[in-house]
Structure formats: C-alpha cells, structure tokens
$ cat final02.csv   # CSV, C-alpha atoms and all ligand atoms
chain,number,residue,atom,x,y,z
K,6,MET,CA,62.8,29.9,-18.4
K,7,SER,CA,64.4,31.0,-15.1
K,8,LEU,CA,62.1,34.0,-14.4
K,9,ARG,CA,60.6,33.5,-11.0
K,10,ILE,CA,56.8,34.1,-11.3
K,11,LEU,CA,54.0,34.4,-8.7
K,12,LEU,CA,50.6,33.8,-10.2
K,13,LEU,CA,47.6,34.9,-8.2
K,14,GLY,CA,44.7,32.7,-9.3
K,15,GLY,CA,41.3,31.3,-8.5
K,16,THR,CA,39.9,31.7,-12.1
K,17,THR,CA,39.6,29.4,-15.1
K,18,GLU,CA,42.2,31.5,-17.0
K,19,ALA,CA,44.7,31.4,-14.1
K,20,LEU,CA,44.4,27.6,-14.0
K,21,ARG,CA,45.0,27.4,-17.8
K,22,LEU,CA,48.0,29.6,-17.5
K,23,ALA,CA,49.3,27.7,-14.5
K,24,ARG,CA,49.4,24.5,-16.6
K,25,ASP,CA,52.0,26.1,-18.9
K,26,LEU,CA,54.2,27.8,-16.3
K,27,PRO,CA,57.7,26.6,-15.6
K,28,ALA,CA,58.4,24.5,-12.4
K,29,THR,CA,60.0,27.6,-10.8
K,30,ALA,CA,56.7,29.4,-10.8
K,31,ILE,CA,54.3,29.6,-7.8
K,32,TYR,CA,50.5,29.4,-8.3
K,33,SER,CA,48.7,31.0,-5.4
K,34,LEU,CA,45.1,30.3,-4.3
K,35,ALA,CA,43.0,31.8,-1.5
K,36,GLY,CA,41.8,28.3,-0.6
K,37,LEU,CA,38.0,28.6,-1.2
K,38,GLY,CA,37.8,26.2,-4.1
K,39,ARG,CA,39.4,23.1,-5.4
K,40,VAL,CA,43.2,22.9,-5.2
K,41,PRO,CA,44.8,21.3,-8.3
K,42,ASP,CA,47.4,18.6,-7.7
K,43,ASP,CA,48.6,18.1,-11.3
K,44,LEU,CA,50.4,21.3,-12.1
K,45,PRO,CA,54.0,21.5,-13.2
K,46,CYS,CA,54.6,24.5,-10.9
K,47,GLU,CA,54.4,24.9,-7.1
K,48,VAL,CA,51.0,25.5,-5.6
K,49,ARG,CA,50.4,27.4,-2.4
K,50,VAL,CA,47.2,28.1,-0.6
K,51,GLY,CA,46.0,30.9,1.8
K,52,GLY,CA,46.3,34.6,2.3
K,53,PHE,CA,49.6,36.5,2.6
K,54,GLY,CA,48.5,38.9,5.3
K,55,GLY,CA,47.7,42.0,3.2
K,56,ALA,CA,49.9,43.9,0.8
K,57,GLU,CA,52.8,44.0,3.2
K,58,GLY,CA,52.6,40.2,3.7
K,59,LEU,CA,52.5,39.7,-0.1
K,60,ALA,CA,55.5,42.1,-0.5
K,61,ALA,CA,57.4,40.1,2.1
K,62,PHE,CA,56.6,36.8,0.3
K,63,ILE,CA,57.7,38.3,-3.0
K,64,ARG,CA,61.1,39.3,-1.5
K,65,GLU,CA,61.6,36.0,0.4
K,66,GLN,CA,60.8,33.9,-2.6
K,67,GLY,CA,62.8,36.0,-5.1
K,68,ILE,CA,59.8,36.7,-7.2
K,69,GLU,CA,60.5,38.8,-10.3
K,70,LEU,CA,57.1,39.0,-11.9
K,71,LEU,CA,53.7,39.1,-10.3
K,72,LEU,CA,50.7,38.0,-12.3
K,73,ASP,CA,47.2,39.0,-11.1
K,74,LEU,CA,44.6,36.7,-12.7
K,75,THR,CA,42.2,36.8,-9.9
K,76,HIS,CA,38.4,37.3,-10.4
K,77,PRO,CA,37.3,40.9,-11.4
K,78,TYR,CA,35.2,41.1,-8.2
K,79,ALA,CA,38.2,40.0,-6.0
K,80,ALA,CA,39.1,43.7,-5.5
K,81,GLN,CA,41.1,43.3,-2.3
K,82,ILE,CA,43.7,40.9,-3.6
K,83,SER,CA,44.1,43.0,-6.8
K,84,ALA,CA,44.7,46.1,-4.7
K,85,ASN,CA,47.1,44.1,-2.5
K,86,ALA,CA,48.9,42.9,-5.6
K,87,ALA,CA,49.4,46.4,-7.1
K,88,ARG,CA,50.6,47.7,-3.7
K,89,ALA,CA,52.9,44.8,-3.0
K,90,ALA,CA,54.5,45.1,-6.5
K,91,GLU,CA,55.2,48.8,-5.7
K,92,LEU,CA,56.6,47.9,-2.3
K,93,SER,CA,58.9,45.2,-3.6
K,94,GLY,CA,59.8,46.8,-6.9
K,95,VAL,CA,58.6,44.0,-9.2
K,96,ALA,CA,56.3,44.4,-12.2
K,97,CYS,CA,52.7,43.3,-11.9
K,98,TRP,CA,50.8,42.2,-15.0
K,99,ALA,CA,47.0,41.7,-14.7
K,100,LEU,CA,44.3,40.1,-16.8
K,101,ARG,CA,41.4,42.5,-16.7
K,102,ARG,CA,38.6,40.6,-18.3
K,103,PRO,CA,36.0,43.0,-19.9
K,104,GLY,CA,32.5,42.8,-18.6
K,105,TRP,CA,29.5,41.5,-20.7
K,106,GLN,CA,27.7,44.1,-22.8
K,107,ALA,CA,23.9,44.1,-23.0
K,108,GLY,CA,22.5,43.5,-26.5
K,109,GLU,CA,19.1,43.6,-28.2
K,110,GLY,CA,16.4,41.9,-26.1
K,111,ASP,CA,18.4,42.3,-22.8
K,112,ASP,CA,16.8,43.9,-19.8
K,113,TRP,CA,19.8,44.4,-17.5
K,114,ARG,CA,19.7,46.6,-14.4
K,115,GLU,CA,22.8,47.5,-12.5
K,116,VAL,CA,22.8,47.6,-8.7
K,117,ASP,CA,25.5,48.9,-6.4
K,118,ASP,CA,25.4,46.5,-3.5
K,119,TRP,CA,23.3,44.0,-1.5
K,120,ASN,CA,20.8,46.6,-0.3
K,121,GLY,CA,20.3,47.9,-3.8
K,122,LEU,CA,19.8,44.4,-4.9
K,123,VAL,CA,17.1,43.7,-2.3
K,124,ALA,CA,15.2,46.8,-3.3
K,125,ALA,CA,15.4,46.0,-7.0
K,126,LEU,CA,14.1,42.4,-6.3
K,127,GLN,CA,10.9,43.4,-4.5
K,128,ASP,CA,8.5,42.9,-7.4
K,129,PHE,CA,9.9,39.4,-8.2
K,130,ARG,CA,8.9,36.0,-6.8
K,131,ARG,CA,11.5,33.5,-8.1
K,132,PRO,CA,15.0,34.9,-8.2
K,133,LEU,CA,18.0,32.9,-9.3
K,134,PHE,CA,21.2,34.1,-7.5
K,135,THR,CA,24.5,33.3,-9.2
K,136,LEU,CA,26.7,35.6,-7.1
K,137,GLY,CA,28.5,33.1,-4.9
K,138,ARG,CA,28.0,32.8,-1.2
K,139,GLU,CA,26.6,36.2,-0.2
K,140,PRO,CA,22.9,35.3,-0.4
K,141,LEU,CA,23.5,32.5,2.1
K,142,GLU,CA,24.0,35.1,4.8
K,143,HIS,CA,20.5,36.5,4.1
K,144,LEU,CA,18.4,33.3,3.9
K,145,HIS,CA,16.5,34.3,7.0
K,146,ASP,CA,15.5,37.6,5.3
K,147,ILE,CA,13.6,36.1,2.3
K,148,PRO,CA,10.3,37.9,1.9
K,149,PRO,CA,7.2,35.8,2.2
K,150,HIS,CA,6.3,36.2,-1.5
K,151,GLN,CA,9.7,35.0,-2.7
K,152,HIS,CA,11.3,31.6,-3.2
K,153,TRP,CA,15.1,31.9,-3.8
K,154,THR,CA,17.3,29.7,-5.8
K,155,VAL,CA,20.9,30.1,-4.9
K,156,ARG,CA,23.6,28.5,-7.0
K,157,CYS,CA,27.0,28.5,-5.3
K,158,LEU,CA,29.8,26.0,-4.8
K,159,THR,CA,28.1,24.0,-2.0
K,160,ALA,CA,24.5,22.8,-1.7
K,161,GLN,CA,22.5,23.4,1.5
K,162,GLU,CA,19.4,21.4,2.5
K,163,GLY,CA,16.4,22.3,4.5
K,164,VAL,CA,16.2,26.0,4.0
K,165,PRO,CA,12.6,27.3,4.0
K,166,ARG,CA,11.6,29.1,0.8
K,167,ALA,CA,15.1,28.6,-0.8
K,168,THR,CA,16.7,26.0,-3.0
K,169,VAL,CA,20.5,26.1,-2.6
K,170,ILE,CA,22.3,24.3,-5.4
K,171,GLY,CA,25.9,23.3,-5.3
K,172,ALA,CA,27.5,23.6,-8.8
K,173,ARG,CA,30.7,24.7,-10.5
K,174,GLY,CA,30.9,26.1,-14.0
K,175,PRO,CA,31.1,26.0,-16.9
K,176,PHE,CA,27.4,25.9,-17.5
K,177,ASP,CA,25.8,25.0,-20.9
K,178,LEU,CA,22.8,26.5,-22.6
K,179,HIS,CA,20.8,23.3,-22.4
K,180,GLY,CA,21.3,22.9,-18.6
K,181,GLU,CA,20.6,26.6,-18.0
K,182,ARG,CA,17.3,26.5,-20.0
K,183,ALA,CA,16.2,23.4,-17.9
K,184,LEU,CA,17.1,25.2,-14.6
K,185,PHE,CA,15.1,28.3,-15.5
K,186,ALA,CA,12.1,26.2,-16.6
K,187,LEU,CA,12.2,23.8,-13.6
K,188,LEU,CA,12.3,26.6,-11.0
K,189,GLY,CA,10.2,29.2,-12.8
K,190,ILE,CA,12.9,31.8,-12.6
K,191,ASP,CA,11.5,35.4,-13.1
K,192,VAL,CA,14.8,37.3,-12.4
K,193,LEU,CA,18.5,36.5,-12.6
K,194,ILE,CA,21.1,38.0,-10.3
K,195,SER,CA,24.7,37.9,-11.3
K,196,LYS,CA,28.1,39.6,-11.1
K,197,ASN,CA,29.3,41.0,-14.5
K,198,SER,CA,32.2,38.6,-14.6
K,199,GLY,CA,32.5,38.6,-18.4
K,200,SER,CA,33.4,34.9,-18.3
K,201,GLN,CA,32.3,32.6,-21.2
K,202,ALA,CA,31.9,29.8,-18.7
K,203,THR,CA,28.9,31.4,-17.1
K,204,GLU,CA,27.5,33.4,-20.1
K,205,PRO,CA,24.7,30.9,-21.2
K,206,LYS,CA,22.4,32.0,-18.3
K,207,LEU,CA,22.3,35.5,-19.9
K,208,GLN,CA,21.1,34.0,-23.2
K,209,VAL,CA,18.3,32.1,-21.5
K,210,ALA,CA,17.2,35.3,-19.6
K,211,ARG,CA,17.1,37.1,-23.0
K,212,GLU,CA,15.1,34.2,-24.6
K,213,LEU,CA,12.6,34.3,-21.8
K,214,GLY,CA,12.4,38.1,-21.3
K,215,VAL,CA,13.7,37.6,-17.7
K,216,PRO,CA,15.4,40.8,-16.3
K,217,VAL,CA,19.0,40.5,-15.0
K,218,LEU,CA,20.2,42.4,-12.0
K,219,LEU,CA,24.0,42.9,-12.2
K,220,LEU,CA,26.1,43.8,-9.3
K,221,ARG,CA,28.4,46.7,-10.3
K,222,ARG,CA,32.0,45.9,-10.9
K,223,PRO,CA,34.5,47.1,-8.3
K,224,GLU,CA,37.3,49.6,-9.4
K,225,LEU,CA,40.6,47.8,-9.8
K,226,PRO,CA,44.1,49.4,-9.6
K,227,ARG,CA,46.3,50.2,-12.6
K,228,VAL,CA,49.3,48.0,-12.8
K,229,SER,CA,52.5,47.7,-15.0
K,230,ARG,CA,50.7,45.9,-17.8
K,231,GLU,CA,47.1,45.0,-18.4
K,232,PHE,CA,45.7,42.5,-20.8
K,233,VAL,CA,42.1,41.8,-21.8
K,234,GLN,CA,42.8,38.4,-23.2
K,235,LEU,CA,44.8,35.5,-21.8
K,236,GLU,CA,46.4,34.8,-25.2
K,237,ALA,CA,47.9,38.3,-25.3
K,238,LEU,CA,49.2,37.9,-21.8
K,239,TRP,CA,50.7,34.5,-22.6
K,240,GLU,CA,52.4,35.9,-25.7
K,241,ALA,CA,54.0,38.7,-23.7
K,242,LEU,CA,55.1,36.3,-21.1
K,243,GLN,CA,56.7,34.0,-23.7
K,244,ARG,CA,58.7,37.0,-24.9
K,245,ARG,CA,59.7,37.9,-21.4
K,246,LEU,CA,60.7,34.3,-20.6
K,247,ALA,CA,62.9,34.3,-23.8
K,248,GLU,CA,64.8,37.4,-22.7
K,249,PRO,CA,68.4,36.7,-21.7
A,1,LIG,P1,39.3,39.2,-2.1
A,1,LIG,O1,38.1,39.7,-1.3
A,1,LIG,O2,39.9,40.2,-3.1
A,1,LIG,O3,40.5,38.7,-1.2
A,1,LIG,C1,40.3,38.5,0.2
A,1,LIG,C2,41.6,37.9,0.7
A,1,LIG,O4,41.8,36.6,0.3
A,1,LIG,C3,42.8,38.7,0.2
A,1,LIG,O5,43.0,39.9,1.0
A,1,LIG,C4,43.9,37.6,0.4
A,1,LIG,O6,44.2,37.5,1.8
A,1,LIG,C5,43.2,36.3,0.1
A,1,LIG,N1,43.3,36.0,-1.3
A,1,LIG,C6,42.5,36.2,-2.4
A,1,LIG,N2,43.0,35.7,-3.5
A,1,LIG,C7,44.1,35.1,-3.2
A,1,LIG,C8,45.1,34.3,-3.9
A,1,LIG,N3,44.9,34.0,-5.2
A,1,LIG,N4,46.1,33.8,-3.3
A,1,LIG,C9,46.3,34.0,-1.9
A,1,LIG,N5,45.4,34.7,-1.2
A,1,LIG,C10,44.4,35.2,-1.8
A,1,LIG,O7,38.9,37.9,-2.9
A,1,LIG,P2,37.5,37.0,-2.9
A,1,LIG,O8,36.5,37.8,-3.7
A,1,LIG,O9,37.2,36.6,-1.5
A,1,LIG,O10,38.0,35.8,-3.8
A,1,LIG,C11,38.9,34.9,-3.3
A,1,LIG,C12,39.5,34.0,-4.4
A,1,LIG,O11,38.4,33.4,-5.2
A,1,LIG,C13,40.3,34.9,-5.4
A,1,LIG,O12,41.5,34.2,-5.6
A,1,LIG,C14,39.4,35.0,-6.7
A,1,LIG,O13,40.2,35.0,-7.8
A,1,LIG,C15,38.6,33.7,-6.5
A,1,LIG,N6,37.2,34.0,-7.1
A,1,LIG,C16,36.5,35.0,-6.6
A,1,LIG,C17,35.2,35.2,-7.1
A,1,LIG,C18,34.4,36.4,-6.7
A,1,LIG,O14,33.2,36.5,-7.2
A,1,LIG,N7,34.9,37.3,-5.8
A,1,LIG,C19,34.7,34.4,-8.1
A,1,LIG,C20,35.5,33.3,-8.6
A,1,LIG,C21,36.7,33.1,-8.0
A,1,LIG,P3,45.5,38.3,2.4
A,1,LIG,O15,45.1,39.7,2.5
A,1,LIG,O16,45.6,37.6,3.8
A,1,LIG,O17,46.6,38.0,1.5
$ encode --input "final02.csv" --output "structure tokens" --more "lines below"
Ligand code: NAP
Amino acid sequence: MSLRILLLGGTTEALRLARDLPATAIYSLAGLGRVPDDLPCEVRVGGFGGAEGLAAFIREQGIELLLDLTHPYAAQISANAARAAELSGVACWALRRPGWQAGEGDDWREVDDWNGLVAALQDFRRPLFTLGREPLEHLHDIPPHQHWTVRCLTAQEGVPRATVIGARGPFDLHGERALFALLGIDVLISKNSGSQATEPKLQVARELGVPVLLLRRPELPRVSREFVQLEALWEALQRRLAEP
C-alpha cells in the first residue's frame, strides 16, 4: 500500500474512492464545494497553476499514479491532468462516466453552448436550469415572458423573474416531481453528466412530456487507462497496490 496516489476529485465517485485510499494518497479539490474532513488520506484544496503547476506538484510530492475522477464537464483539469502526466512521466487513469441515453418518450435536444441554449429556450416560459452557476451570470437577460428556476449550490434571494434554489444532490424522484409541479416547469436544462444522483429529473421530464435541453459534452483527452465504472477502476487499483 505504498503507491503514492494523487486523486483529482469533486465528484461523488471521487469522494467514494477517497474514503478507501491509503493515508499516503492525496485527494485534491478545486475548492468550489464542501471539503470533507473525515478522510483517511490527505486533502488539499485549490488549483495547481495549469498543467505545468500540476506536473511540478507531482514531482515534488513523489506521486506515482494520477487519478482523474473529475466531472465530465470539467474539461480544463482533465486536459491538465493528461498533459501533466506526460510531462512528469506518471500514468494517468481516468473515470470517464458515460452520458445518459435518450429512451422512449424522451424529447432531448442537444445545444452547443449558452447562446445555443438561449435560442432553443425562446418558446418556453418556465425553464428549470440544473447546470450549475452559469445561469446566474445571465439573470439580467431573462426575457419578459420567462420565469427561470435555477438550481445550484447556493440560493439567491430577490431576483426578479427568477427563483434561485440552493441544493446539492442526490435528488429523488418524489422531490423532483414536486419541484416540477410547484414551479410549472415546461423545459429542463441540464448537462449530460450521466450521474445516477441527478437522473430522476429526466424521468419526471419524460412523465410530463417536458423537453430537455442538454449541453453538449466537452471532448476529454485520452489517458493511460480509462474506466467507465468506479468498481472497475477500484479493482485495477487494488491489483496495482498489491504489486511488489
Ligand atoms: P475546470 O474548468 O476543468 O477547471 C478549472 C480549474 O480549476 C483548473 O484549471 C484547476 O486550476 C482547478 N481545478 C479543477 N478541479 C480541480 C481539482 N480537483 N483539484 C485542484 N484544482 C482543480 O473545472 P470546473 O468545471 O470549474 O470544476 C471544478 C471542480 O468542480 C472539478 O474538480 C469538478 O470535478 C467539480 N465539478 C464540476 C462540475 C461541472 O459541471 N463542471 C460539476 C460537479 C463537480 P489550475 O489550472 O490552477 O490547476
């Protein structure tokens, strides 16, 4: 158990893995969300200063394996991780969580970026944004015929024609149904994170025939090993840790 690991996190899966890592591992967070204080491994918070900064950290700390379990839309840190691994000559393993797939009864429409989203939203009145903080930068641009509901980590009061809810997943089906009904949601906006923790909103949209606008996934770099499930990554890691 002496392999020196740096785990890049900020996701549910990363936190789960961090709970089982040896004390010699380091769990790294950007610092936007909650910082756990009950992990067996070391926790560090904040950016590294780009790929070069990350490579320098890897060298200074004697890191032997880099694990990228960041969010599928956190494209910058994943690019930095791949580059830093190259620069410092360590392996980088990544969890590349697959996106959700539309099924029968789904009306999903993909948009490229914020401008594409605004255009696609024009005919709706009561959108529910579940994208994180980005809509908060556009609260002064809400068209007169719309009332926005924005769900992100922190609530905000007193915004005309918007309800800004602070909430952290997982979200259950019962609560999501209640939210859609209470606010009369007629369109859902989401990233295609593929996370089970935030999937129930898609079922509610399907049940109600509410369209879903999905922000396109960013391209992520290829790394030494890629896993689609945490369990497979964990098993490979166990084997690696057992190597003499
Ligand atoms: P990003 O755009 O890819 O990264 C921006 C910068 O934040 C990076 O260049 C890096 O700074 C720093 N950073 C990001 N993750 C880090 C980590 N785990 N440890 C240390 N520094 C980190 O990322 P983002 O989309 O802002 O997301 C930030 C964090 O929130 C990520 O850890 C991600 O897993 C988590 N998260 C993101 C989303 C999302 O929708 N994007 C959703 C849930 C959770 P330097 O260049 O200075 O090193």
$ residues_near_ligand --input "final02.csv" --ligand "ligand LIG 1 (chain A)" --cutoff "9 Å" --atoms "all atoms listed in the file" --output "ChimeraX atom specification"
/K:12-17,19,32-38,49-59,73-86,136-138,196,198
$ write_last_selection --input "final02.csv" --atoms "C-alpha atoms" --output "short mmCIF file (atom, residue, chain, number, x, y, z; two decimals), in the coordinates of the input"
data_model
loop_
_atom_site.label_atom_id
_atom_site.label_comp_id
_atom_site.auth_asym_id
_atom_site.auth_seq_id
_atom_site.Cartn_x
_atom_site.Cartn_y
_atom_site.Cartn_z
CA LEU K 12 50.60 33.80 -10.20
CA LEU K 13 47.60 34.90 -8.20
CA GLY K 14 44.70 32.70 -9.30
CA GLY K 15 41.30 31.30 -8.50
CA THR K 16 39.90 31.70 -12.10
CA THR K 17 39.60 29.40 -15.10
CA ALA K 19 44.70 31.40 -14.10
CA TYR K 32 50.50 29.40 -8.30
CA SER K 33 48.70 31.00 -5.40
CA LEU K 34 45.10 30.30 -4.30
CA ALA K 35 43.00 31.80 -1.50
CA GLY K 36 41.80 28.30 -0.60
CA LEU K 37 38.00 28.60 -1.20
CA GLY K 38 37.80 26.20 -4.10
CA ARG K 49 50.40 27.40 -2.40
CA VAL K 50 47.20 28.10 -0.60
CA GLY K 51 46.00 30.90 1.80
CA GLY K 52 46.30 34.60 2.30
CA PHE K 53 49.60 36.50 2.60
CA GLY K 54 48.50 38.90 5.30
CA GLY K 55 47.70 42.00 3.20
CA ALA K 56 49.90 43.90 0.80
CA GLU K 57 52.80 44.00 3.20
CA GLY K 58 52.60 40.20 3.70
CA LEU K 59 52.50 39.70 -0.10
CA ASP K 73 47.20 39.00 -11.10
CA LEU K 74 44.60 36.70 -12.70
CA THR K 75 42.20 36.80 -9.90
CA HIS K 76 38.40 37.30 -10.40
CA PRO K 77 37.30 40.90 -11.40
CA TYR K 78 35.20 41.10 -8.20
CA ALA K 79 38.20 40.00 -6.00
CA ALA K 80 39.10 43.70 -5.50
CA GLN K 81 41.10 43.30 -2.30
CA ILE K 82 43.70 40.90 -3.60
CA SER K 83 44.10 43.00 -6.80
CA ALA K 84 44.70 46.10 -4.70
CA ASN K 85 47.10 44.10 -2.50
CA ALA K 86 48.90 42.90 -5.60
CA LEU K 136 26.70 35.60 -7.10
CA GLY K 137 28.50 33.10 -4.90
CA ARG K 138 28.00 32.80 -1.20
CA LYS K 196 28.10 39.60 -11.10
CA SER K 198 32.20 38.60 -14.60
#
$ atom_distance --input "final02.csv" --atom1 "atom CA of K:Phe62" --atom2 "atom CA of K:Ile10"
11.9 Å
$ closest_residue --input "final02.csv" --among "K:Asp146, K:Glu115, K:Glu231, K:Asp43" --to "K:Ile194" --atoms "all atoms listed in the file"
K:Glu115
$ closest_residue --input "final02.csv" --among "K:Pro216, K:Pro249, K:Pro165, K:Pro223" --to "K:Trp113" --atoms "all atoms listed in the file"
K:Pro216
$ closest_residue --input "final02.csv" --among "K:Val48, K:Cys97, K:Leu122, K:Leu92" --to "K:Val217" --atoms "only C-alpha atoms"
K:Leu122
$ residues_around --input "final02.csv" --residues "K:Glu69" --least-positions-apart "5" --cutoff "10 Å" --atoms "all atoms listed in the file" --output "PyMOL selection string"
chain K and resi 7-11+63-64+90+93-97
$ atom_distance --input "final02.csv" --atom1 "atom CA of K:Glu236" --atom2 "atom CA of K:Ala28"
20.3 Å
$ atom_distance --input "final02.csv" --atom1 "atom CA of K:Glu91" --atom2 "atom CA of K:Arg221"
27.3 Å
$ residues_around --input "final02.csv" --residues "stretch 127-130 of chain K" --least-positions-apart "2" --cutoff "7 Å" --atoms "all atoms listed in the file" --output "PDB file with C-alpha atoms, in the frame of the given file"
ATOM      1  CA  VAL K 123      17.100  43.700  -2.300  1.00  0.00           C
ATOM      2  CA  ALA K 124      15.200  46.800  -3.300  1.00  0.00           C
ATOM      3  CA  ALA K 125      15.400  46.000  -7.000  1.00  0.00           C
ATOM      4  CA  PRO K 132      15.000  34.900  -8.200  1.00  0.00           C
ATOM      5  CA  HIS K 150       6.300  36.200  -1.500  1.00  0.00           C
ATOM      6  CA  GLN K 151       9.700  35.000  -2.700  1.00  0.00           C
ATOM      7  CA  HIS K 152      11.300  31.600  -3.200  1.00  0.00           C
ATOM      8  CA  ASP K 191      11.500  35.400 -13.100  1.00  0.00           C
ATOM      9  CA  VAL K 192      14.800  37.300 -12.400  1.00  0.00           C
TER      10      VAL K 192
END
$ residues_around --input "final02.csv" --residues "stretch 239-244 of chain K" --least-positions-apart "2" --cutoff "12 Å" --atoms "all atoms listed in the file" --output "NGL selection string"
:K and (6-10 or 18-19 or 21-27 or 70-72 or 74 or 97-100 or 230-237 or 246-249)
$ residues_around --input "final02.csv" --residues "K:Phe176" --least-positions-apart "2" --cutoff "8 Å" --atoms "all atoms listed in the file" --output "list of chain:residue names"
K:Arg173, K:Gly174, K:Leu178, K:Gly180, K:Glu181, K:Ala202, K:Thr203, K:Glu204, K:Pro205, K:Lys206
$ closest_residue --input "final02.csv" --among "K:Ala30, K:Val40, K:Pro103, K:Ile147" --to "K:Gln66" --atoms "all atoms listed in the file"
K:Ala30
$ closest_residue --input "final02.csv" --among "K:Cys157, K:Leu193, K:Val116, K:Ala167" --to "K:His145" --atoms "all atoms listed in the file"
K:Ala167
$ residues_around --input "final02.csv" --residues "K:Gln208" --least-positions-apart "5" --cutoff "10 Å" --atoms "only C-alpha atoms" --output "list of chain:residue names"
K:Gly110, K:Asp111, K:Leu178, K:Glu181, K:Arg182, K:Leu213, K:Gly214, K:Val215
$ decode --input "final02.csv" --residues "stretch 152-165 of chain K" --atoms "N, CA, C and O atoms" --output "CSV table (one decimal), in the first residue's frame"
chain,number,residue,atom,x,y,z
K,152,HIS,N,-40.0,33.0,-16.6
K,152,HIS,CA,-39.6,33.0,-15.2
K,152,HIS,C,-38.6,31.8,-15.0
K,152,HIS,O,-39.0,30.7,-15.3
K,153,TRP,N,-37.4,32.1,-14.6
K,153,TRP,CA,-36.4,31.0,-14.5
K,153,TRP,C,-36.4,30.4,-13.1
K,153,TRP,O,-36.5,31.1,-12.1
K,154,THR,N,-36.2,29.1,-13.1
K,154,THR,CA,-35.8,28.4,-11.8
K,154,THR,C,-34.4,27.9,-12.0
K,154,THR,O,-34.1,27.2,-13.0
K,155,VAL,N,-33.5,28.3,-11.1
K,155,VAL,CA,-32.1,27.9,-11.2
K,155,VAL,C,-31.7,27.1,-10.0
K,155,VAL,O,-31.8,27.7,-8.9
K,156,ARG,N,-31.3,25.9,-10.2
K,156,ARG,CA,-30.9,25.1,-9.0
K,156,ARG,C,-29.4,25.0,-9.1
K,156,ARG,O,-28.8,24.5,-10.0
K,157,CYS,N,-28.7,25.5,-8.0
K,157,CYS,CA,-27.3,25.4,-8.0
K,157,CYS,C,-26.9,25.3,-6.5
K,157,CYS,O,-27.8,25.0,-5.7
K,158,LEU,N,-25.6,25.4,-6.2
K,158,LEU,CA,-25.2,25.1,-4.8
K,158,LEU,C,-25.7,26.1,-3.8
K,158,LEU,O,-25.9,25.8,-2.6
K,159,THR,N,-25.8,27.4,-4.2
K,159,THR,CA,-26.2,28.4,-3.2
K,159,THR,C,-27.4,29.2,-3.7
K,159,THR,O,-27.5,29.6,-4.9
K,160,ALA,N,-28.4,29.4,-2.8
K,160,ALA,CA,-29.6,30.1,-3.1
K,160,ALA,C,-29.3,31.6,-3.3
K,160,ALA,O,-28.3,32.1,-2.8
K,161,GLN,N,-30.2,32.3,-3.9
K,161,GLN,CA,-30.1,33.7,-4.1
K,161,GLN,C,-31.5,34.3,-4.0
K,161,GLN,O,-32.4,33.8,-4.6
K,162,GLU,N,-31.6,35.4,-3.2
K,162,GLU,CA,-33.0,36.0,-2.9
K,162,GLU,C,-33.1,37.2,-3.8
K,162,GLU,O,-32.2,37.8,-4.3
K,163,GLY,N,-34.4,37.6,-4.0
K,163,GLY,CA,-34.7,38.9,-4.6
K,163,GLY,C,-34.4,39.1,-6.0
K,163,GLY,O,-34.1,40.2,-6.4
K,164,VAL,N,-34.3,38.0,-6.8
K,164,VAL,CA,-34.1,38.2,-8.3
K,164,VAL,C,-35.4,38.3,-9.0
K,164,VAL,O,-36.2,37.3,-8.9
K,165,PRO,N,-35.6,39.4,-9.7
K,165,PRO,CA,-36.9,39.5,-10.5
K,165,PRO,C,-37.0,38.4,-11.5
K,165,PRO,O,-36.1,38.1,-12.2
